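Shown next: my_file.pdb, given as PDB, C-alpha atoms, pLDDT in the B column.
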```
ATOM      1  CA  MET A   1       0.000   0.000   0.000  1.00 82.00           C
ATOM      2  CA  HIS A   2       0.910   3.618  -0.416  1.00 81.00           C
ATOM      3  CA  GLY A   3       1.050   5.640   2.794  1.00 83.00           C
ATOM      4  CA  TYR A   4      -2.045   7.559   1.763  1.00 82.00           C
ATOM      5  CA  GLN A   5      -3.865   4.222   1.234  1.00 85.00           C
ATOM      6  CA  VAL A   6      -2.926   3.195   4.774  1.00 85.00           C
ATOM      7  CA  ASN A   7      -4.459   6.433   6.063  1.00 82.00           C
ATOM      8  CA  LEU A   8      -7.603   5.917   3.968  1.00 86.00           C
ATOM      9  CA  GLU A   9      -7.978   2.381   5.300  1.00 83.00           C
ATOM     10  CA  LEU A  10      -7.543   3.589   8.884  1.00 83.00           C
ATOM     11  CA  GLU A  11     -10.232   6.219   8.260  1.00 83.00           C
ATOM     12  CA  ARG A  12     -12.555   3.680   6.637  1.00 83.00           C
ATOM     13  CA  ARG A  13     -12.226   1.354   9.603  1.00 80.00           C
ATOM     14  CA  ASP A  14     -12.665   4.142  12.209  1.00 78.00           C
ATOM     15  CA  ILE A  15      -9.365   3.013  13.694  1.00 77.00           C
ATOM     16  CA  ARG A  16      -8.865   6.288  15.542  1.00 76.00           C
ATOM     17  CA  ASP A  17     -11.755   5.325  17.828  1.00 78.00           C
ATOM     18  CA  TRP A  18      -9.479   2.831  19.557  1.00 76.00           C
ATOM     19  CA  ALA A  19      -5.939   3.669  18.458  1.00 79.00           C
ATOM     20  CA  ALA A  20      -4.597   7.187  18.856  1.00 80.00           C
ATOM     21  CA  ILE A  21      -2.639   7.589  15.637  1.00 84.00           C
ATOM     22  CA  SER A  22      -2.502  10.673  13.456  1.00 86.00           C
ATOM     23  CA  ARG A  23      -1.765  10.947   9.727  1.00 86.00           C
ATOM     24  CA  PRO A  24       1.798  12.169  10.326  1.00 89.00           C
ATOM     25  CA  GLN A  25       2.367   9.287  12.747  1.00 90.00           C
ATOM     26  CA  VAL A  26       1.409   6.818  10.004  1.00 89.00           C
ATOM     27  CA  TYR A  27       4.118   8.160   7.683  1.00 88.00           C
ATOM     28  CA  TYR A  28       6.651   8.369  10.500  1.00 91.00           C
ATOM     29  CA  SER A  29       5.832   4.789  11.534  1.00 92.00           C
ATOM     30  CA  LEU A  30       6.151   3.522   7.967  1.00 91.00           C
ATOM     31  CA  GLU A  31       9.625   5.045   7.723  1.00 92.00           C
ATOM     32  CA  LYS A  32      10.670   3.532  11.072  1.00 95.00           C
ATOM     33  CA  LEU A  33       9.293   0.114  10.150  1.00 95.00           C
ATOM     34  CA  ALA A  34      11.133   0.243   6.834  1.00 94.00           C
ATOM     35  CA  ALA A  35      14.400   1.267   8.543  1.00 96.00           C
ATOM     36  CA  ALA A  36      14.022  -1.691  10.930  1.00 97.00           C
ATOM     37  CA  GLY A  37      13.395  -4.087   8.038  1.00 96.00           C
ATOM     38  CA  PHE A  38       9.828  -4.948   9.075  1.00 97.00           C
ATOM     39  CA  ILE A  39       8.428  -3.551   5.816  1.00 95.00           C
ATOM     40  CA  ARG A  40      10.130  -2.743   2.537  1.00 94.00           C
ATOM     41  CA  LYS A  41       9.710   0.142   0.158  1.00 89.00           C
ATOM     42  CA  MET A  42       8.878  -0.770  -3.375  1.00 86.00           C
ATOM     43  CA  HIS A  43       8.497   1.280  -6.530  1.00 76.00           C
ATOM     44  CA  SER A  44       4.905   1.655  -7.642  1.00 70.00           C
ATOM     45  CA  SER A  45       3.930   1.295 -11.267  1.00 70.00           C
ATOM     46  CA  GLU A  46       0.581   2.901 -10.487  1.00 67.00           C
ATOM     47  CA  PRO A  47       0.170   6.410 -11.835  1.00 63.00           C
ATOM     48  CA  ALA A  48       0.523   8.893  -8.997  1.00 56.00           C
ATOM     49  CA  SER A  49      -1.130  12.258  -8.840  1.00 53.00           C
ATOM     50  CA  GLY A  50       1.721  14.403  -7.621  1.00 50.00           C
ATOM     51  CA  PRO A  51       5.149  13.263  -6.482  1.00 56.00           C
ATOM     52  CA  GLU A  52       6.280   9.668  -6.949  1.00 57.00           C
ATOM     53  CA  ARG A  53       4.713   7.554  -4.229  1.00 72.00           C
ATOM     54  CA  THR A  54       6.320   4.670  -2.390  1.00 83.00           C
ATOM     55  CA  VAL A  55       4.508   1.387  -1.843  1.00 89.00           C
ATOM     56  CA  PHE A  56       5.192  -0.559   1.344  1.00 91.00           C
ATOM     57  CA  GLU A  57       5.078  -4.328   1.735  1.00 92.00           C
ATOM     58  CA  THR A  58       5.467  -6.425   4.877  1.00 94.00           C
ATOM     59  CA  THR A  59       8.661  -8.500   5.074  1.00 96.00           C
ATOM     60  CA  GLN A  60       9.084 -11.952   6.587  1.00 97.00           C
ATOM     61  CA  LYS A  61      10.987 -10.285   9.442  1.00 97.00           C
ATOM     62  CA  GLY A  62       7.990  -7.984  10.016  1.00 96.00           C
ATOM     63  CA  ARG A  63       5.490 -10.845  10.003  1.00 96.00           C
ATOM     64  CA  ALA A  64       7.680 -12.798  12.464  1.00 97.00           C
ATOM     65  CA  ALA A  65       8.054  -9.759  14.747  1.00 96.00           C
ATOM     66  CA  THR A  66       4.284  -9.276  14.748  1.00 94.00           C
ATOM     67  CA  ALA A  67       3.673 -12.949  15.544  1.00 95.00           C
ATOM     68  CA  ASN A  68       6.218 -12.782  18.379  1.00 96.00           C
ATOM     69  CA  ALA A  69       4.721  -9.585  19.773  1.00 95.00           C
ATOM     70  CA  LEU A  70       1.226 -11.091  19.752  1.00 94.00           C
ATOM     71  CA  GLU A  71       2.427 -13.851  22.088  1.00 96.00           C
ATOM     72  CA  ARG A  72       3.417 -11.417  24.855  1.00 95.00           C
ATOM     73  CA  GLU A  73       1.460 -11.814  28.076  1.00 95.00           C
ATOM     74  CA  ASP A  74       0.957  -8.076  28.594  1.00 93.00           C
ATOM     75  CA  TRP A  75      -1.706  -8.011  25.851  1.00 91.00           C
ATOM     76  CA  THR A  76      -3.963  -9.912  28.237  1.00 93.00           C
ATOM     77  CA  THR A  77      -2.896  -8.626  31.647  1.00 95.00           C
ATOM     78  CA  GLN A  78      -3.100  -4.836  31.337  1.00 92.00           C
ATOM     79  CA  ARG A  79      -6.018  -2.630  32.229  1.00 89.00           C
ATOM     80  CA  ASP A  80      -7.338   0.195  30.106  1.00 85.00           C
ATOM     81  CA  HIS A  81      -7.147   3.703  31.511  1.00 85.00           C
ATOM     82  CA  PRO A  82     -10.536   5.130  30.566  1.00 88.00           C
ATOM     83  CA  VAL A  83     -11.087   8.830  31.032  1.00 91.00           C
ATOM     84  CA  PHE A  84     -14.601   8.730  32.498  1.00 95.00           C
ATOM     85  CA  PRO A  85     -13.719   6.638  35.588  1.00 94.00           C
ATOM     86  CA  THR A  86     -10.822   9.020  36.217  1.00 94.00           C
ATOM     87  CA  TRP A  87     -13.296  11.911  36.042  1.00 95.00           C
ATOM     88  CA  ILE A  88     -15.542  10.114  38.555  1.00 95.00           C
ATOM     89  CA  ALA A  89     -12.602   9.687  40.933  1.00 93.00           C
ATOM     90  CA  LEU A  90     -11.907  13.442  40.800  1.00 94.00           C
ATOM     91  CA  SER A  91     -15.540  14.581  40.631  1.00 94.00           C
ATOM     92  CA  TRP A  92     -15.802  15.294  44.354  1.00 92.00           C
ATOM     93  CA  LEU A  93     -13.805  18.445  43.550  1.00 93.00           C
ATOM     94  CA  ALA A  94     -16.398  19.698  41.023  1.00 93.00           C
ATOM     95  CA  ARG A  95     -18.736  22.606  41.648  1.00 94.00           C
ATOM     96  CA  PRO A  96     -22.343  21.870  42.698  1.00 93.00           C
ATOM     97  CA  GLY A  97     -24.509  20.583  39.851  1.00 93.00           C
ATOM     98  CA  VAL A  98     -21.580  19.638  37.622  1.00 96.00           C
ATOM     99  CA  PHE A  99     -21.799  15.927  38.400  1.00 95.00           C
ATOM    100  CA  GLN A 100     -25.386  15.668  37.152  1.00 95.00           C
ATOM    101  CA  LYS A 101     -24.592  17.779  34.085  1.00 97.00           C
ATOM    102  CA  GLN A 102     -21.617  15.574  33.207  1.00 97.00           C
ATOM    103  CA  LEU A 103     -23.683  12.406  33.694  1.00 96.00           C
ATOM    104  CA  ARG A 104     -26.244  13.719  31.199  1.00 96.00           C
ATOM    105  CA  ARG A 105     -23.424  14.498  28.749  1.00 98.00           C
ATOM    106  CA  ARG A 106     -21.930  11.057  29.256  1.00 97.00           C
ATOM    107  CA  ARG A 107     -25.257   9.291  28.729  1.00 97.00           C
ATOM    108  CA  LYS A 108     -25.861  11.239  25.512  1.00 98.00           C
ATOM    109  CA  PHE A 109     -22.340  10.444  24.289  1.00 97.00           C
ATOM    110  CA  VAL A 110     -22.639   6.722  25.109  1.00 98.00           C
ATOM    111  CA  GLU A 111     -26.050   6.532  23.407  1.00 98.00           C
ATOM    112  CA  GLN A 112     -24.584   8.142  20.267  1.00 98.00           C
ATOM    113  CA  GLU A 113     -21.552   5.859  20.325  1.00 96.00           C
ATOM    114  CA  LEU A 114     -23.778   2.821  20.738  1.00 97.00           C
ATOM    115  CA  VAL A 115     -25.720   3.789  17.602  1.00 97.00           C
ATOM    116  CA  ARG A 116     -22.468   4.396  15.730  1.00 95.00           C
ATOM    117  CA  GLU A 117     -20.911   1.095  16.858  1.00 95.00           C
ATOM    118  CA  ARG A 118     -24.029  -0.834  15.843  1.00 97.00           C
ATOM    119  CA  GLU A 119     -23.775   0.737  12.388  1.00 95.00           C
ATOM    120  CA  THR A 120     -20.072  -0.124  12.271  1.00 93.00           C
ATOM    121  CA  LEU A 121     -20.889  -3.722  13.204  1.00 96.00           C
ATOM    122  CA  ARG A 122     -23.513  -3.892  10.462  1.00 96.00           C
ATOM    123  CA  SER A 123     -20.961  -2.597   7.964  1.00 94.00           C
ATOM    124  CA  ILE A 124     -18.308  -5.079   9.120  1.00 94.00           C
ATOM    125  CA  LEU A 125     -20.719  -8.007   8.888  1.00 97.00           C
ATOM    126  CA  GLU A 126     -21.651  -6.910   5.383  1.00 96.00           C
ATOM    127  CA  GLU A 127     -17.976  -6.743   4.405  1.00 94.00           C
ATOM    128  CA  VAL A 128     -16.706  -9.969   5.996  1.00 96.00           C
ATOM    129  CA  GLY A 129     -19.866 -11.994   5.445  1.00 97.00           C
ATOM    130  CA  HIS A 130     -19.844 -13.891   8.769  1.00 97.00           C
ATOM    131  CA  PRO A 131     -19.794 -13.187  12.538  1.00 97.00           C
ATOM    132  CA  TYR A 132     -16.549 -15.057  13.273  1.00 98.00           C
ATOM    133  CA  HIS A 133     -14.063 -12.284  12.605  1.00 96.00           C
ATOM    134  CA  GLU A 134     -11.816 -10.262  14.916  1.00 94.00           C
ATOM    135  CA  ALA A 135     -13.418  -6.972  13.832  1.00 93.00           C
ATOM    136  CA  VAL A 136     -16.872  -8.350  14.705  1.00 96.00           C
ATOM    137  CA  TRP A 137     -15.659  -9.498  18.112  1.00 96.00           C
ATOM    138  CA  MET A 138     -13.914  -6.204  18.852  1.00 94.00           C
ATOM    139  CA  VAL A 139     -16.897  -4.014  17.931  1.00 95.00           C
ATOM    140  CA  SER A 140     -19.288  -6.398  19.710  1.00 97.00           C
ATOM    141  CA  LEU A 141     -17.248  -5.955  22.886  1.00 96.00           C
ATOM    142  CA  MET A 142     -17.499  -2.162  22.563  1.00 95.00           C
ATOM    143  CA  ILE A 143     -21.266  -2.451  22.098  1.00 97.00           C
ATOM    144  CA  GLU A 144     -21.548  -4.585  25.237  1.00 98.00           C
ATOM    145  CA  GLN A 145     -19.418  -2.130  27.209  1.00 96.00           C
ATOM    146  CA  PHE A 146     -21.603   0.793  26.109  1.00 97.00           C
ATOM    147  CA  ARG A 147     -24.776  -1.169  26.926  1.00 98.00           C
ATOM    148  CA  THR A 148     -23.413  -2.015  30.375  1.00 98.00           C
ATOM    149  CA  GLU A 149     -22.526   1.613  31.037  1.00 97.00           C
ATOM    150  CA  LEU A 150     -26.005   2.757  29.983  1.00 97.00           C
ATOM    151  CA  LYS A 151     -27.483   0.339  32.536  1.00 97.00           C
ATOM    152  CA  TRP A 152     -25.024   1.524  35.216  1.00 97.00           C
ATOM    153  CA  LEU A 153     -25.416   5.319  34.786  1.00 97.00           C
ATOM    154  CA  PRO A 154     -28.976   5.462  36.263  1.00 96.00           C
ATOM    155  CA  ARG A 155     -27.689   3.624  39.335  1.00 96.00           C
ATOM    156  CA  LEU A 156     -25.021   6.274  39.747  1.00 94.00           C
ATOM    157  CA  GLU A 157     -27.663   9.005  39.502  1.00 93.00           C
ATOM    158  CA  ARG A 158     -29.828   7.267  42.123  1.00 95.00           C
ATOM    159  CA  GLU A 159     -26.888   6.886  44.505  1.00 95.00           C
ATOM    160  CA  LEU A 160     -25.542  10.417  44.054  1.00 93.00           C
ATOM    161  CA  PRO A 161     -27.636  11.950  46.889  1.00 93.00           C
ATOM    162  CA  HIS A 162     -25.976   9.469  49.279  1.00 94.00           C
ATOM    163  CA  ARG A 163     -22.458  10.471  48.267  1.00 92.00           C
ATOM    164  CA  ALA A 164     -20.239  10.956  51.302  1.00 90.00           C
ATOM    165  CA  PRO A 165     -16.554  11.056  52.172  1.00 87.00           C
ATOM    166  CA  ALA A 166     -14.811   7.902  53.332  1.00 86.00           C
ATOM    167  CA  ARG A 167     -15.573   7.079  56.971  1.00 87.00           C
ATOM    168  CA  HIS A 168     -12.245   5.382  57.628  1.00 85.00           C
ATOM    169  CA  PRO A 169      -9.684   6.850  55.232  1.00 83.00           C
ATOM    170  CA  ALA A 170      -6.355   5.062  55.319  1.00 82.00           C
ATOM    171  CA  TYR A 171      -4.090   7.614  53.710  1.00 77.00           C
ATOM    172  CA  ALA A 172      -0.444   6.763  53.327  1.00 66.00           C
ATOM    173  CA  ALA A 173       1.575   8.078  56.214  1.00 66.00           C
ATOM    174  CA  ALA A 174       4.429  10.420  55.359  1.00 68.00           C
ATOM    175  CA  PRO A 175       7.847   8.779  55.750  1.00 69.00           C
ATOM    176  CA  PRO A 176       9.754   9.879  58.843  1.00 67.00           C
ATOM    177  CA  GLU A 177      12.150  12.767  58.222  1.00 72.00           C
ATOM    178  CA  ASN A 178      15.867  11.872  58.211  1.00 67.00           C
ATOM    179  CA  GLY A 179      15.092   8.400  59.542  1.00 58.00           C
ATOM    180  CA  LYS A 180      13.500   9.853  62.736  1.00 59.00           C
ATOM    181  CA  GLU A 181      10.086   8.959  63.988  1.00 55.00           C
TER     182      GLU A 181
END
```
For this file, write the structure as structure tokens.
Amino acid sequence: MHGYQVNLELERRDIRDWAAISRPQVYYSLEKLAAAGFIRKMHSSEPASGPERTVFETTQKGRAATANALEREDWTTQRDHPVFPTWIALSWLARPGVFQKQLRRRRKFVEQELVRERETLRSILEEVGHPYHEAVWMVSLMIEQFRTELKWLPRLERELPHRAPARHPAYAAAPPENGKE
């Protein structure tokens, strides 16, 4: 593929929903992968509109490195760092009324994302022709996570009036100064 084709494919697959990668990062990454021997640059016989374009192809070394990387344990033992739970953890510092306002925003966002993910799933199923594909599984997981959150948000709203500080906080004690207690 040409670099611009890689970007078009990333756009088509809504990849930026789950992988933070910009257009310049794609080109930078292609150059780094080529320098490492994981992909190779090839001359394109396709007519290019503008400057000569380079086509990239995966090498055996690149396929082996990918296979090796996919066997690492950390793919299965790390937690995501979602923004909304972090906001909840800090929300006690918000001004009055902000919590409810942000919950309404979150619900609206999740509802919109759920609609969008369902459409993405429909499109994927149309393209691949069966439900046993990694893209189907990945988008299905996102749909389930959004559905779960939509069920959970009303509970949070119901419990909000009972919000209170910890009764028995166990904050870390400061270390003794200069080894003295």
Counting only C-alpha atoms, what are the residues of range 63-138 of chain A within 9 Å of range 145-149 of chain A, and for each of them which pair of atoms is the nearest and at what distance in Å, to one decimal? Sort the table by chain and rising number, as JSON lines.
```
{"residue": "A:Arg107", "atom": "CA", "partner": "A:Glu149", "partner_atom": "CA", "distance": 8.5}
{"residue": "A:Val110", "atom": "CA", "partner": "A:Phe146", "partner_atom": "CA", "distance": 6.1}
{"residue": "A:Glu111", "atom": "CA", "partner": "A:Phe146", "partner_atom": "CA", "distance": 7.7}
{"residue": "A:Glu113", "atom": "CA", "partner": "A:Phe146", "partner_atom": "CA", "distance": 7.7}
{"residue": "A:Leu114", "atom": "CA", "partner": "A:Phe146", "partner_atom": "CA", "distance": 6.1}
```
Env of range 88-102 of chain A: 10 Å cut, atoms = all atoms listed in the file, seq-sep filter 4 positions within chain, self excluded. Answer as a PDB file with C-alpha atoms, in the frame of the given file.
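Writing done, so here's result.pdb:
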```
ATOM      1  CA  VAL A  83     -11.087   8.830  31.032  1.00 91.00           C
ATOM      2  CA  PHE A  84     -14.601   8.730  32.498  1.00 95.00           C
ATOM      3  CA  ARG A 106     -21.930  11.057  29.256  1.00 97.00           C
ATOM      4  CA  ARG A 107     -25.257   9.291  28.729  1.00 97.00           C
ATOM      5  CA  LYS A 108     -25.861  11.239  25.512  1.00 98.00           C
ATOM      6  CA  LEU A 156     -25.021   6.274  39.747  1.00 94.00           C
ATOM      7  CA  GLU A 157     -27.663   9.005  39.502  1.00 93.00           C
ATOM      8  CA  LEU A 160     -25.542  10.417  44.054  1.00 93.00           C
ATOM      9  CA  ARG A 163     -22.458  10.471  48.267  1.00 92.00           C
ATOM     10  CA  ALA A 164     -20.239  10.956  51.302  1.00 90.00           C
ATOM     11  CA  PRO A 165     -16.554  11.056  52.172  1.00 87.00           C
TER      12      PRO A 165
END
```
Problem set entry | Nearest to Arg116 in chain A, chosen from A:Lys41, A:Ala69, A:Asp14, A:Trp152, with all atoms listed in the file counted in the distances |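 Once distances to Arg116 in chain A are computed over all atoms listed in the file, the minimum belongs to A:Asp14.
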For this session: Compare A:Ser44, A:Arg16, A:Leu121, A:His162 by their minimum atom-to-atom distance to Met142 in chain A, counting only C-alpha atoms, and give me the closest one.
Result: A:Leu121
Problem set entry | Pick from A:Tyr28, A:Tyr4, A:Trp18, A:Trp137, whichever lies nearest to Pro82 in chain A using all atoms listed in the file |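 Smallest separation from Pro82 in chain A among the options: A:Trp18.
Pairwise distance (CA of His168 in chain A, CA of Arg155 in chain A) equals 24.0 Å.
Among the candidates A:Val136, A:Ala170, A:Val26, A:Ile124, the residue lying nearest to Arg12 in chain A is A:Ile124 (atoms considered: all atoms listed in the file).
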Exercise. Which residue gives the smallest distance to Arg23 in chain A among A:Met1, A:Leu141, A:Leu10, A:Ala166, with all atoms listed in the file counted?
Worked result: A:Leu10
